[in-house]
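> The following file, work-v6.txt, comprises compact mmCIF, N, CA and C atoms:
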```txt
# COMPACT_ATOMS: atom_id res chain seq x y z
N MET A 1 13.25 18.44 -16.84
CA MET A 1 12.64 17.36 -16.09
C MET A 1 13.44 16.09 -16.35
N PRO A 2 13.80 15.33 -15.30
CA PRO A 2 14.57 14.12 -15.50
C PRO A 2 13.76 13.05 -16.22
N ALA A 3 14.47 12.17 -16.90
CA ALA A 3 13.81 11.08 -17.62
C ALA A 3 13.23 10.09 -16.63
N ALA A 4 12.13 9.48 -17.00
CA ALA A 4 11.51 8.48 -16.13
C ALA A 4 12.36 7.23 -16.10
N VAL A 5 12.43 6.61 -14.96
CA VAL A 5 13.17 5.37 -14.79
C VAL A 5 12.18 4.28 -14.44
N THR A 6 12.24 3.17 -15.15
CA THR A 6 11.36 2.05 -14.86
C THR A 6 12.10 1.09 -13.95
N PRO A 7 11.56 0.83 -12.76
CA PRO A 7 12.24 -0.07 -11.85
C PRO A 7 12.16 -1.51 -12.32
N ALA A 8 13.09 -2.34 -11.87
CA ALA A 8 13.05 -3.76 -12.16
C ALA A 8 11.80 -4.35 -11.52
N PRO A 9 11.27 -5.45 -12.09
CA PRO A 9 10.08 -6.05 -11.49
C PRO A 9 10.29 -6.31 -10.00
N GLY A 10 9.32 -5.86 -9.21
CA GLY A 10 9.38 -6.07 -7.78
C GLY A 10 10.18 -5.03 -7.03
N ALA A 11 10.96 -4.22 -7.74
CA ALA A 11 11.76 -3.20 -7.07
C ALA A 11 10.87 -2.03 -6.69
N PRO A 12 11.14 -1.41 -5.54
CA PRO A 12 10.29 -0.28 -5.15
C PRO A 12 10.49 0.90 -6.07
N GLU A 13 9.41 1.57 -6.36
CA GLU A 13 9.46 2.79 -7.16
C GLU A 13 8.99 3.91 -6.25
N ARG A 14 9.88 4.82 -5.96
CA ARG A 14 9.50 5.95 -5.12
C ARG A 14 9.04 7.04 -6.06
N ALA A 15 7.74 7.21 -6.08
CA ALA A 15 7.14 8.16 -7.01
C ALA A 15 7.44 9.58 -6.57
N GLY A 16 7.67 10.44 -7.52
CA GLY A 16 8.03 11.81 -7.22
C GLY A 16 6.84 12.75 -7.18
N ALA A 17 7.08 13.93 -6.64
CA ALA A 17 6.03 14.92 -6.48
C ALA A 17 5.47 15.37 -7.83
N ALA A 18 6.25 15.25 -8.90
CA ALA A 18 5.79 15.70 -10.20
C ALA A 18 4.55 14.93 -10.64
N THR A 19 4.38 13.70 -10.14
CA THR A 19 3.22 12.91 -10.51
C THR A 19 2.14 12.96 -9.44
N GLY A 20 2.35 13.75 -8.40
CA GLY A 20 1.34 13.92 -7.38
C GLY A 20 1.28 12.80 -6.36
N ASP A 21 2.28 11.93 -6.33
CA ASP A 21 2.23 10.82 -5.40
C ASP A 21 3.51 10.68 -4.59
N ALA A 22 4.05 11.79 -4.13
CA ALA A 22 5.23 11.75 -3.29
C ALA A 22 4.92 10.97 -2.02
N GLY A 23 5.86 10.15 -1.60
CA GLY A 23 5.67 9.36 -0.41
C GLY A 23 4.95 8.05 -0.64
N VAL A 24 4.64 7.76 -1.90
CA VAL A 24 3.99 6.50 -2.25
C VAL A 24 5.02 5.58 -2.89
N ILE A 25 5.04 4.35 -2.46
CA ILE A 25 5.93 3.34 -3.04
C ILE A 25 5.07 2.40 -3.86
N THR A 26 5.51 2.11 -5.07
CA THR A 26 4.81 1.19 -5.96
C THR A 26 5.76 0.09 -6.39
N LYS A 27 5.29 -1.13 -6.24
CA LYS A 27 6.07 -2.31 -6.64
C LYS A 27 5.25 -3.10 -7.65
N THR A 28 5.94 -3.80 -8.54
CA THR A 28 5.29 -4.59 -9.57
C THR A 28 5.14 -6.03 -9.11
N SER A 29 3.94 -6.56 -9.28
CA SER A 29 3.66 -7.95 -8.92
C SER A 29 3.67 -8.80 -10.18
N PRO A 30 4.22 -10.00 -10.11
CA PRO A 30 4.20 -10.88 -11.28
C PRO A 30 2.86 -11.61 -11.44
N ARG A 31 1.92 -11.36 -10.54
CA ARG A 31 0.63 -12.05 -10.55
C ARG A 31 -0.49 -11.11 -10.97
N SER A 32 -1.66 -11.68 -11.20
CA SER A 32 -2.83 -10.87 -11.51
C SER A 32 -3.25 -10.11 -10.26
N VAL A 33 -4.15 -9.15 -10.43
CA VAL A 33 -4.64 -8.40 -9.27
C VAL A 33 -5.29 -9.36 -8.27
N GLY A 34 -6.17 -10.23 -8.74
CA GLY A 34 -6.85 -11.16 -7.85
C GLY A 34 -5.89 -12.08 -7.11
N GLU A 35 -4.91 -12.62 -7.83
CA GLU A 35 -3.93 -13.50 -7.20
C GLU A 35 -3.07 -12.73 -6.20
N THR A 36 -2.74 -11.49 -6.51
CA THR A 36 -1.92 -10.67 -5.61
C THR A 36 -2.70 -10.36 -4.33
N VAL A 37 -3.97 -10.02 -4.47
CA VAL A 37 -4.79 -9.74 -3.29
C VAL A 37 -4.91 -11.00 -2.44
N ALA A 38 -5.16 -12.14 -3.06
CA ALA A 38 -5.28 -13.40 -2.32
C ALA A 38 -3.99 -13.71 -1.58
N ARG A 39 -2.87 -13.51 -2.24
CA ARG A 39 -1.57 -13.76 -1.60
C ARG A 39 -1.35 -12.79 -0.44
N LEU A 40 -1.71 -11.53 -0.63
CA LEU A 40 -1.56 -10.55 0.45
C LEU A 40 -2.39 -10.97 1.67
N LEU A 41 -3.62 -11.38 1.44
CA LEU A 41 -4.48 -11.81 2.54
C LEU A 41 -3.90 -13.03 3.26
N GLU A 42 -3.32 -13.95 2.50
CA GLU A 42 -2.68 -15.13 3.10
C GLU A 42 -1.47 -14.71 3.94
N LEU A 43 -0.65 -13.81 3.41
CA LEU A 43 0.52 -13.33 4.15
C LEU A 43 0.11 -12.65 5.45
N LEU A 44 -0.90 -11.80 5.37
CA LEU A 44 -1.36 -11.09 6.56
C LEU A 44 -1.89 -12.08 7.60
N ALA A 45 -2.67 -13.05 7.17
CA ALA A 45 -3.21 -14.05 8.09
C ALA A 45 -2.09 -14.85 8.74
N SER A 46 -1.07 -15.20 7.96
CA SER A 46 0.03 -16.00 8.51
C SER A 46 0.83 -15.24 9.55
N LYS A 47 0.80 -13.91 9.48
CA LYS A 47 1.52 -13.06 10.43
C LYS A 47 0.62 -12.59 11.57
N GLY A 48 -0.64 -12.98 11.54
CA GLY A 48 -1.57 -12.56 12.58
C GLY A 48 -1.94 -11.09 12.50
N VAL A 49 -1.85 -10.51 11.31
CA VAL A 49 -2.17 -9.10 11.12
C VAL A 49 -3.67 -8.97 10.84
N LYS A 50 -4.30 -8.05 11.49
CA LYS A 50 -5.74 -7.84 11.35
C LYS A 50 -6.06 -7.18 10.00
N VAL A 51 -6.98 -7.78 9.27
CA VAL A 51 -7.49 -7.19 8.03
C VAL A 51 -8.82 -6.54 8.39
N PHE A 52 -8.89 -5.23 8.21
CA PHE A 52 -10.10 -4.49 8.57
C PHE A 52 -11.14 -4.54 7.45
N VAL A 53 -10.68 -4.41 6.21
CA VAL A 53 -11.62 -4.42 5.09
C VAL A 53 -10.85 -4.62 3.78
N VAL A 54 -11.52 -5.25 2.83
CA VAL A 54 -11.01 -5.37 1.47
C VAL A 54 -12.08 -4.74 0.58
N ILE A 55 -11.69 -3.73 -0.16
CA ILE A 55 -12.64 -3.01 -1.02
C ILE A 55 -12.28 -3.25 -2.48
N ASP A 56 -13.16 -3.94 -3.19
CA ASP A 56 -12.99 -4.14 -4.62
C ASP A 56 -13.61 -2.91 -5.30
N GLN A 57 -12.77 -1.95 -5.59
CA GLN A 57 -13.27 -0.68 -6.10
C GLN A 57 -13.82 -0.81 -7.52
N ARG A 58 -13.29 -1.76 -8.28
CA ARG A 58 -13.84 -1.97 -9.62
C ARG A 58 -15.27 -2.51 -9.50
N ALA A 59 -15.50 -3.46 -8.61
CA ALA A 59 -16.84 -4.02 -8.44
C ALA A 59 -17.82 -2.94 -7.99
N GLU A 60 -17.36 -2.05 -7.12
CA GLU A 60 -18.22 -0.95 -6.67
C GLU A 60 -18.56 -0.01 -7.82
N ALA A 61 -17.59 0.24 -8.69
CA ALA A 61 -17.84 1.10 -9.85
C ALA A 61 -18.84 0.42 -10.80
N LEU A 62 -18.62 -0.87 -11.05
CA LEU A 62 -19.52 -1.60 -11.94
C LEU A 62 -20.95 -1.62 -11.39
N ALA A 63 -21.09 -1.65 -10.07
CA ALA A 63 -22.42 -1.69 -9.43
C ALA A 63 -23.22 -0.42 -9.72
N VAL A 64 -22.55 0.67 -10.07
CA VAL A 64 -23.27 1.90 -10.41
C VAL A 64 -23.12 2.24 -11.90
N GLY A 65 -22.78 1.21 -12.69
CA GLY A 65 -22.75 1.38 -14.13
C GLY A 65 -21.49 2.03 -14.68
N LEU A 66 -20.43 2.07 -13.89
CA LEU A 66 -19.18 2.66 -14.35
C LEU A 66 -18.11 1.59 -14.45
N ASP A 67 -17.08 1.86 -15.23
CA ASP A 67 -15.98 0.91 -15.36
C ASP A 67 -14.73 1.52 -14.73
N LEU A 68 -13.92 0.66 -14.19
CA LEU A 68 -12.66 1.06 -13.56
C LEU A 68 -11.70 -0.10 -13.73
N ARG A 69 -10.44 0.21 -13.95
CA ARG A 69 -9.45 -0.86 -14.02
C ARG A 69 -9.51 -1.66 -12.72
N GLU A 70 -9.00 -2.88 -12.72
CA GLU A 70 -8.99 -3.67 -11.49
C GLU A 70 -8.26 -2.89 -10.41
N THR A 71 -8.94 -2.64 -9.30
CA THR A 71 -8.41 -1.82 -8.22
C THR A 71 -8.99 -2.34 -6.91
N THR A 72 -8.13 -2.85 -6.05
CA THR A 72 -8.58 -3.38 -4.77
C THR A 72 -7.74 -2.77 -3.65
N LEU A 73 -8.42 -2.25 -2.65
CA LEU A 73 -7.77 -1.64 -1.49
C LEU A 73 -7.90 -2.59 -0.31
N VAL A 74 -6.75 -2.93 0.30
CA VAL A 74 -6.73 -3.79 1.48
C VAL A 74 -6.29 -2.92 2.65
N VAL A 75 -7.13 -2.85 3.68
CA VAL A 75 -6.86 -2.04 4.86
C VAL A 75 -6.54 -3.00 6.00
N PHE A 76 -5.35 -2.86 6.58
CA PHE A 76 -4.89 -3.82 7.57
C PHE A 76 -3.96 -3.14 8.57
N GLY A 77 -3.69 -3.82 9.65
CA GLY A 77 -2.74 -3.25 10.59
C GLY A 77 -2.65 -4.02 11.88
N ASN A 78 -1.84 -3.46 12.75
CA ASN A 78 -1.61 -3.99 14.08
C ASN A 78 -1.93 -2.86 15.04
N PRO A 79 -3.05 -2.94 15.74
CA PRO A 79 -3.41 -1.86 16.65
C PRO A 79 -2.31 -1.51 17.64
N ALA A 80 -1.47 -2.49 18.01
CA ALA A 80 -0.38 -2.21 18.94
C ALA A 80 0.65 -1.26 18.31
N ALA A 81 0.82 -1.34 17.00
CA ALA A 81 1.79 -0.47 16.31
C ALA A 81 1.18 0.89 15.97
N GLY A 82 -0.07 0.92 15.58
CA GLY A 82 -0.68 2.16 15.13
C GLY A 82 -1.20 3.07 16.23
N THR A 83 -1.57 2.49 17.35
CA THR A 83 -2.18 3.29 18.42
C THR A 83 -1.24 4.37 18.94
N GLY A 84 0.03 4.02 19.13
CA GLY A 84 1.00 5.01 19.59
C GLY A 84 1.17 6.16 18.62
N VAL A 85 1.15 5.83 17.34
CA VAL A 85 1.27 6.86 16.30
C VAL A 85 0.07 7.80 16.37
N MET A 86 -1.13 7.24 16.46
CA MET A 86 -2.34 8.07 16.51
C MET A 86 -2.45 8.83 17.82
N GLY A 87 -1.90 8.25 18.90
CA GLY A 87 -1.89 8.96 20.17
C GLY A 87 -1.01 10.19 20.12
N ALA A 88 0.12 10.07 19.43
CA ALA A 88 1.05 11.19 19.31
C ALA A 88 0.57 12.23 18.31
N ALA A 89 -0.11 11.76 17.26
CA ALA A 89 -0.59 12.67 16.20
C ALA A 89 -1.97 12.18 15.77
N PRO A 90 -3.04 12.69 16.40
CA PRO A 90 -4.39 12.20 16.10
C PRO A 90 -4.75 12.21 14.61
N LEU A 91 -4.24 13.18 13.86
CA LEU A 91 -4.58 13.21 12.43
C LEU A 91 -3.96 12.07 11.64
N ALA A 92 -3.01 11.37 12.23
CA ALA A 92 -2.44 10.19 11.57
C ALA A 92 -3.52 9.13 11.34
N ALA A 93 -4.61 9.20 12.08
CA ALA A 93 -5.71 8.26 11.87
C ALA A 93 -6.32 8.41 10.47
N LEU A 94 -6.04 9.51 9.79
CA LEU A 94 -6.47 9.64 8.40
C LEU A 94 -5.71 8.67 7.51
N ASP A 95 -4.50 8.29 7.91
CA ASP A 95 -3.65 7.42 7.11
C ASP A 95 -3.54 6.00 7.66
N LEU A 96 -4.05 5.79 8.86
CA LEU A 96 -3.96 4.48 9.49
C LEU A 96 -5.37 3.93 9.66
N PRO A 97 -5.54 2.64 9.64
CA PRO A 97 -4.57 1.57 9.48
C PRO A 97 -3.85 1.65 8.13
N LEU A 98 -2.83 0.81 8.01
CA LEU A 98 -2.08 0.75 6.75
C LEU A 98 -3.00 0.29 5.62
N LYS A 99 -2.63 0.69 4.42
CA LYS A 99 -3.40 0.32 3.24
C LYS A 99 -2.45 -0.11 2.13
N ALA A 100 -2.86 -1.11 1.39
CA ALA A 100 -2.14 -1.51 0.18
C ALA A 100 -3.16 -1.48 -0.95
N LEU A 101 -2.80 -0.77 -2.00
CA LEU A 101 -3.65 -0.69 -3.19
C LEU A 101 -3.07 -1.63 -4.23
N VAL A 102 -3.86 -2.60 -4.65
CA VAL A 102 -3.44 -3.54 -5.70
C VAL A 102 -4.26 -3.18 -6.93
N TRP A 103 -3.56 -2.84 -8.00
CA TRP A 103 -4.26 -2.31 -9.16
C TRP A 103 -3.57 -2.70 -10.45
N SER A 104 -4.33 -2.63 -11.51
CA SER A 104 -3.82 -2.95 -12.84
C SER A 104 -3.36 -1.66 -13.51
N GLY A 105 -2.07 -1.60 -13.80
CA GLY A 105 -1.53 -0.43 -14.49
C GLY A 105 -2.05 -0.34 -15.91
N SER A 106 -1.80 0.77 -16.57
CA SER A 106 -2.31 0.97 -17.93
C SER A 106 -1.78 -0.07 -18.90
N ASN A 107 -0.64 -0.69 -18.55
CA ASN A 107 -0.06 -1.72 -19.40
C ASN A 107 -0.53 -3.12 -19.00
N GLY A 108 -1.48 -3.19 -18.06
CA GLY A 108 -2.01 -4.48 -17.62
C GLY A 108 -1.17 -5.17 -16.55
N VAL A 109 -0.07 -4.56 -16.17
CA VAL A 109 0.79 -5.15 -15.15
C VAL A 109 0.26 -4.77 -13.77
N THR A 110 0.23 -5.74 -12.88
CA THR A 110 -0.28 -5.51 -11.53
C THR A 110 0.72 -4.71 -10.70
N GLN A 111 0.20 -3.70 -10.04
CA GLN A 111 1.01 -2.82 -9.18
C GLN A 111 0.49 -2.93 -7.74
N VAL A 112 1.41 -2.76 -6.80
CA VAL A 112 1.06 -2.71 -5.38
C VAL A 112 1.62 -1.39 -4.85
N SER A 113 0.75 -0.53 -4.36
CA SER A 113 1.17 0.80 -3.89
C SER A 113 0.76 0.99 -2.43
N TYR A 114 1.60 1.73 -1.72
CA TYR A 114 1.31 2.03 -0.32
C TYR A 114 2.07 3.29 0.07
N THR A 115 1.61 3.92 1.14
CA THR A 115 2.28 5.11 1.64
C THR A 115 3.50 4.69 2.45
N ASP A 116 4.63 5.28 2.15
CA ASP A 116 5.87 5.02 2.87
C ASP A 116 5.72 5.52 4.31
N PRO A 117 5.95 4.65 5.31
CA PRO A 117 5.85 5.11 6.69
C PRO A 117 6.73 6.32 7.01
N SER A 118 7.84 6.47 6.32
CA SER A 118 8.67 7.66 6.56
C SER A 118 7.96 8.93 6.11
N ALA A 119 7.09 8.81 5.10
CA ALA A 119 6.29 9.96 4.67
C ALA A 119 5.27 10.31 5.74
N LEU A 120 4.71 9.29 6.40
CA LEU A 120 3.78 9.54 7.51
C LEU A 120 4.51 10.24 8.65
N ALA A 121 5.73 9.78 8.93
CA ALA A 121 6.51 10.40 10.01
C ALA A 121 6.76 11.87 9.69
N ALA A 122 7.11 12.15 8.45
CA ALA A 122 7.37 13.54 8.06
C ALA A 122 6.09 14.37 8.09
N ARG A 123 4.99 13.81 7.58
CA ARG A 123 3.72 14.53 7.52
C ARG A 123 3.24 14.94 8.90
N TYR A 124 3.43 14.06 9.89
CA TYR A 124 2.89 14.32 11.22
C TYR A 124 3.95 14.68 12.26
N GLY A 125 5.20 14.89 11.81
CA GLY A 125 6.26 15.30 12.72
C GLY A 125 6.59 14.25 13.77
N LEU A 126 6.58 12.99 13.38
CA LEU A 126 6.83 11.89 14.31
C LEU A 126 8.27 11.42 14.19
N ASP A 127 8.85 10.97 15.29
CA ASP A 127 10.21 10.44 15.19
C ASP A 127 10.15 9.02 14.61
N ALA A 128 11.25 8.62 14.02
CA ALA A 128 11.31 7.34 13.32
C ALA A 128 10.98 6.17 14.24
N GLY A 129 11.37 6.26 15.51
CA GLY A 129 11.10 5.18 16.44
C GLY A 129 9.62 4.91 16.62
N LEU A 130 8.84 5.96 16.57
CA LEU A 130 7.40 5.81 16.75
C LEU A 130 6.73 5.09 15.59
N VAL A 131 7.25 5.30 14.39
CA VAL A 131 6.64 4.64 13.22
C VAL A 131 7.38 3.36 12.82
N ALA A 132 8.35 2.96 13.62
CA ALA A 132 9.13 1.76 13.28
C ALA A 132 8.25 0.53 13.09
N GLY A 133 7.20 0.40 13.88
CA GLY A 133 6.31 -0.74 13.75
C GLY A 133 5.57 -0.79 12.43
N LEU A 134 5.47 0.35 11.76
CA LEU A 134 4.78 0.41 10.46
C LEU A 134 5.70 0.03 9.31
N GLU A 135 7.01 0.04 9.56
CA GLU A 135 8.00 -0.24 8.52
C GLU A 135 7.91 -1.67 7.98
N VAL A 136 7.21 -2.56 8.67
CA VAL A 136 7.09 -3.94 8.20
C VAL A 136 6.39 -4.01 6.85
N ILE A 137 5.70 -2.96 6.47
CA ILE A 137 5.02 -2.97 5.18
C ILE A 137 6.01 -3.13 4.02
N HIS A 138 7.25 -2.64 4.20
CA HIS A 138 8.25 -2.79 3.14
C HIS A 138 8.57 -4.27 2.90
N VAL A 139 8.87 -4.99 3.98
CA VAL A 139 9.22 -6.40 3.86
C VAL A 139 8.01 -7.21 3.40
N LEU A 140 6.85 -6.90 3.96
CA LEU A 140 5.64 -7.61 3.58
C LEU A 140 5.38 -7.51 2.08
N THR A 141 5.50 -6.30 1.54
CA THR A 141 5.24 -6.14 0.11
C THR A 141 6.38 -6.71 -0.75
N ASP A 142 7.60 -6.72 -0.22
CA ASP A 142 8.69 -7.39 -0.94
C ASP A 142 8.37 -8.86 -1.11
N VAL A 143 7.93 -9.50 -0.03
CA VAL A 143 7.55 -10.91 -0.09
C VAL A 143 6.35 -11.09 -1.02
N LEU A 144 5.39 -10.19 -0.95
CA LEU A 144 4.20 -10.27 -1.78
C LEU A 144 4.52 -10.29 -3.26
N VAL A 145 5.44 -9.46 -3.69
CA VAL A 145 5.72 -9.34 -5.13
C VAL A 145 6.85 -10.24 -5.61
N ALA A 146 7.45 -11.00 -4.69
CA ALA A 146 8.53 -11.91 -5.10
C ALA A 146 7.98 -12.97 -6.03
N GLY A 147 8.79 -13.32 -7.02
CA GLY A 147 8.38 -14.32 -8.01
C GLY A 147 8.23 -15.64 -7.41
```
Produce structure tokens that represent the structure in this file.

Amino acid sequence: MPAAVTPAPGAPERAGAATGDAGVITKTSPRSVGETVARLLELLASKGVKVFVVIDQRAEALAVGLDLRETTLVVFGNPAAGTGVMGAAPLAALDLPLKALVWSGSNGVTQVSYTDPSALAARYGLDAGLVAGLEVIHVLTDVLVAG
């Protein structure tokens, strides 16, 4: 088994199948979970991207007497970009709208994870042109985690 490589802060980490998260990209944020979520929401608003829901999963766990590391899921997207994908492959609606998971790693460092649009293309047999509109998540998260 190859040795684990720790990416530079903010650099994308393409997780491998050995950890069960193939097709997921994780980037390190220099901010707290709350600050990262707030910044993400500001970025999305500034780009006119629709935010469908923000789920504070830790708060939901605490509400039923359980504890969970800080974990917030932001569901967002552009219906103009996602509709064509779902029209071509209806099951893609299981993965759309786009989602960004902002969470506290075991070392307390904030992580931002999302499904790579190329993984969605492969999963549903879609050509790259069809998922091109979803590729903005790479740039968006790069800006999000920039110092």
> Where does DSSP see strand (DSSP E) in region 40-122 of chain A, if you list the residues as a short mmCIF file (atom, residue, chain, number, x, y, z; two decimals) with N, CA and C atoms, in the coordinates of the input?

```cif
data_model
loop_
_atom_site.label_atom_id
_atom_site.label_comp_id
_atom_site.auth_asym_id
_atom_site.auth_seq_id
_atom_site.Cartn_x
_atom_site.Cartn_y
_atom_site.Cartn_z
N LYS A 50 -4.30 -8.05 11.49
CA LYS A 50 -5.74 -7.84 11.35
C LYS A 50 -6.06 -7.18 10.00
N VAL A 51 -6.98 -7.78 9.27
CA VAL A 51 -7.49 -7.19 8.03
C VAL A 51 -8.82 -6.54 8.39
N PHE A 52 -8.89 -5.23 8.21
CA PHE A 52 -10.10 -4.49 8.57
C PHE A 52 -11.14 -4.54 7.45
N VAL A 53 -10.68 -4.41 6.21
CA VAL A 53 -11.62 -4.42 5.09
C VAL A 53 -10.85 -4.62 3.78
N VAL A 54 -11.52 -5.25 2.83
CA VAL A 54 -11.01 -5.37 1.47
C VAL A 54 -12.08 -4.74 0.58
N ILE A 55 -11.69 -3.73 -0.16
CA ILE A 55 -12.64 -3.01 -1.02
C ILE A 55 -12.28 -3.25 -2.48
N ASP A 56 -13.16 -3.94 -3.19
CA ASP A 56 -12.99 -4.14 -4.62
C ASP A 56 -13.61 -2.91 -5.30
N THR A 71 -8.94 -2.64 -9.30
CA THR A 71 -8.41 -1.82 -8.22
C THR A 71 -8.99 -2.34 -6.91
N THR A 72 -8.13 -2.85 -6.05
CA THR A 72 -8.58 -3.38 -4.77
C THR A 72 -7.74 -2.77 -3.65
N LEU A 73 -8.42 -2.25 -2.65
CA LEU A 73 -7.77 -1.64 -1.49
C LEU A 73 -7.90 -2.59 -0.31
N VAL A 74 -6.75 -2.93 0.30
CA VAL A 74 -6.73 -3.79 1.48
C VAL A 74 -6.29 -2.92 2.65
N VAL A 75 -7.13 -2.85 3.68
CA VAL A 75 -6.86 -2.04 4.86
C VAL A 75 -6.54 -3.00 6.00
N PHE A 76 -5.35 -2.86 6.58
CA PHE A 76 -4.89 -3.82 7.57
C PHE A 76 -3.96 -3.14 8.57
N GLY A 77 -3.69 -3.82 9.65
CA GLY A 77 -2.74 -3.25 10.59
C GLY A 77 -2.65 -4.02 11.88
N LEU A 98 -2.83 0.81 8.01
CA LEU A 98 -2.08 0.75 6.75
C LEU A 98 -3.00 0.29 5.62
N LYS A 99 -2.63 0.69 4.42
CA LYS A 99 -3.40 0.32 3.24
C LYS A 99 -2.45 -0.11 2.13
N ALA A 100 -2.86 -1.11 1.39
CA ALA A 100 -2.14 -1.51 0.18
C ALA A 100 -3.16 -1.48 -0.95
N LEU A 101 -2.80 -0.77 -2.00
CA LEU A 101 -3.65 -0.69 -3.19
C LEU A 101 -3.07 -1.63 -4.23
N VAL A 102 -3.86 -2.60 -4.65
CA VAL A 102 -3.44 -3.54 -5.70
C VAL A 102 -4.26 -3.18 -6.93
N TRP A 103 -3.56 -2.84 -8.00
CA TRP A 103 -4.26 -2.31 -9.16
C TRP A 103 -3.57 -2.70 -10.45
N SER A 104 -4.33 -2.63 -11.51
CA SER A 104 -3.82 -2.95 -12.84
C SER A 104 -3.36 -1.66 -13.51
N THR A 110 0.23 -5.74 -12.88
CA THR A 110 -0.28 -5.51 -11.53
C THR A 110 0.72 -4.71 -10.70
N GLN A 111 0.20 -3.70 -10.04
CA GLN A 111 1.01 -2.82 -9.18
C GLN A 111 0.49 -2.93 -7.74
N VAL A 112 1.41 -2.76 -6.80
CA VAL A 112 1.06 -2.71 -5.38
C VAL A 112 1.62 -1.39 -4.85
N SER A 113 0.75 -0.53 -4.36
CA SER A 113 1.17 0.80 -3.89
C SER A 113 0.76 0.99 -2.43
N TYR A 114 1.60 1.73 -1.72
CA TYR A 114 1.31 2.03 -0.32
C TYR A 114 2.07 3.29 0.07
N THR A 115 1.61 3.92 1.14
CA THR A 115 2.28 5.11 1.64
C THR A 115 3.50 4.69 2.45
#
```
> Enumerate, as a list in words, the protein, DNA and RNA residues whose atoms approach (5.3, 2.5, 6.5) to within 6 Å, taking into account only C-alpha atoms and the coordinate frame of the file.
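The residues that fall inside the cut-off are Asp116, Pro117, Leu134, Glu135 and Ile137 of chain A.
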> Hey, can you check how far atom N of Gly133 (chain A) sits from atom N of Gly48 (chain A)?
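Those two atoms sit 15.7 Å apart.
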> Point out the residue among A:Thr71, A:Val131, A:Val64, A:Gly34 with the least atom-to-atom distance to Gly84 (chain A), counting only N, CA and C atoms.
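Nearest candidate to Gly84 (chain A) out of A:Thr71, A:Val131, A:Val64, A:Gly34: A:Val131.
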> Can you work out which one of A:Thr115, A:Thr110, A:Leu120, A:Gly125 has the shortest atom-to-atom distance to Ser29 (chain A), counting only N, CA and C atoms?
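Answer, going by the shortest atom-to-atom distance: A:Thr110.
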> Quick check, in Å to one decimal: how far apart do CA of Ala89 (chain A) and CA of Leu41 (chain A) lie?
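These atoms are spaced 28.3 Å apart.
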> Just save region 70-113 of chain A with C-alpha atoms, as an mmCIF file, in the first residue's frame.

```
data_model
loop_
_atom_site.group_PDB
_atom_site.id
_atom_site.type_symbol
_atom_site.label_atom_id
_atom_site.label_comp_id
_atom_site.auth_asym_id
_atom_site.auth_seq_id
_atom_site.Cartn_x
_atom_site.Cartn_y
_atom_site.Cartn_z
ATOM 1 C CA GLU A 70 -18.540 20.131 13.510
ATOM 2 C CA THR A 71 -20.132 19.063 10.224
ATOM 3 C CA THR A 72 -22.168 21.308 7.951
ATOM 4 C CA LEU A 73 -23.568 20.357 4.552
ATOM 5 C CA VAL A 74 -24.309 23.144 2.067
ATOM 6 C CA VAL A 75 -26.535 22.150 -0.865
ATOM 7 C CA PHE A 76 -26.395 24.591 -3.768
ATOM 8 C CA GLY A 77 -26.477 24.814 -7.513
ATOM 9 C CA ASN A 78 -27.559 26.349 -10.743
ATOM 10 C CA PRO A 79 -30.675 24.698 -12.142
ATOM 11 C CA ALA A 80 -29.551 25.717 -15.640
ATOM 12 C CA ALA A 81 -26.396 23.600 -15.225
ATOM 13 C CA GLY A 82 -27.895 20.626 -13.395
ATOM 14 C CA THR A 83 -31.116 20.133 -15.325
ATOM 15 C CA GLY A 84 -29.368 18.907 -18.471
ATOM 16 C CA VAL A 85 -27.365 16.423 -16.434
ATOM 17 C CA MET A 86 -30.487 15.061 -14.729
ATOM 18 C CA GLY A 87 -32.344 14.999 -18.039
ATOM 19 C CA ALA A 88 -29.631 12.822 -19.565
ATOM 20 C CA ALA A 89 -29.252 10.621 -16.476
ATOM 21 C CA PRO A 90 -32.216 10.810 -14.063
ATOM 22 C CA LEU A 91 -30.297 9.033 -11.294
ATOM 23 C CA ALA A 92 -27.837 11.935 -11.254
ATOM 24 C CA ALA A 93 -30.502 13.670 -9.162
ATOM 25 C CA LEU A 94 -29.183 11.543 -6.293
ATOM 26 C CA ASP A 95 -25.982 13.613 -6.477
ATOM 27 C CA LEU A 96 -27.403 16.963 -7.539
ATOM 28 C CA PRO A 97 -27.668 19.760 -6.574
ATOM 29 C CA LEU A 98 -24.002 20.135 -5.731
ATOM 30 C CA LYS A 99 -22.970 19.723 -2.120
ATOM 31 C CA ALA A 100 -20.024 20.934 -0.090
ATOM 32 C CA LEU A 101 -19.326 19.331 3.257
ATOM 33 C CA VAL A 102 -17.471 21.587 5.694
ATOM 34 C CA TRP A 103 -16.195 19.593 8.618
ATOM 35 C CA SER A 104 -13.629 19.466 11.369
ATOM 36 C CA GLY A 105 -11.009 16.797 10.793
ATOM 37 C CA SER A 106 -9.733 14.657 13.647
ATOM 38 C CA ASN A 107 -6.848 17.104 14.035
ATOM 39 C CA GLY A 108 -9.249 20.051 14.360
ATOM 40 C CA VAL A 109 -8.388 21.403 10.925
ATOM 41 C CA THR A 110 -11.353 22.466 8.801
ATOM 42 C CA GLN A 111 -11.896 20.423 5.650
ATOM 43 C CA VAL A 112 -14.083 21.120 2.623
ATOM 44 C CA SER A 113 -15.146 18.029 0.665
#
```
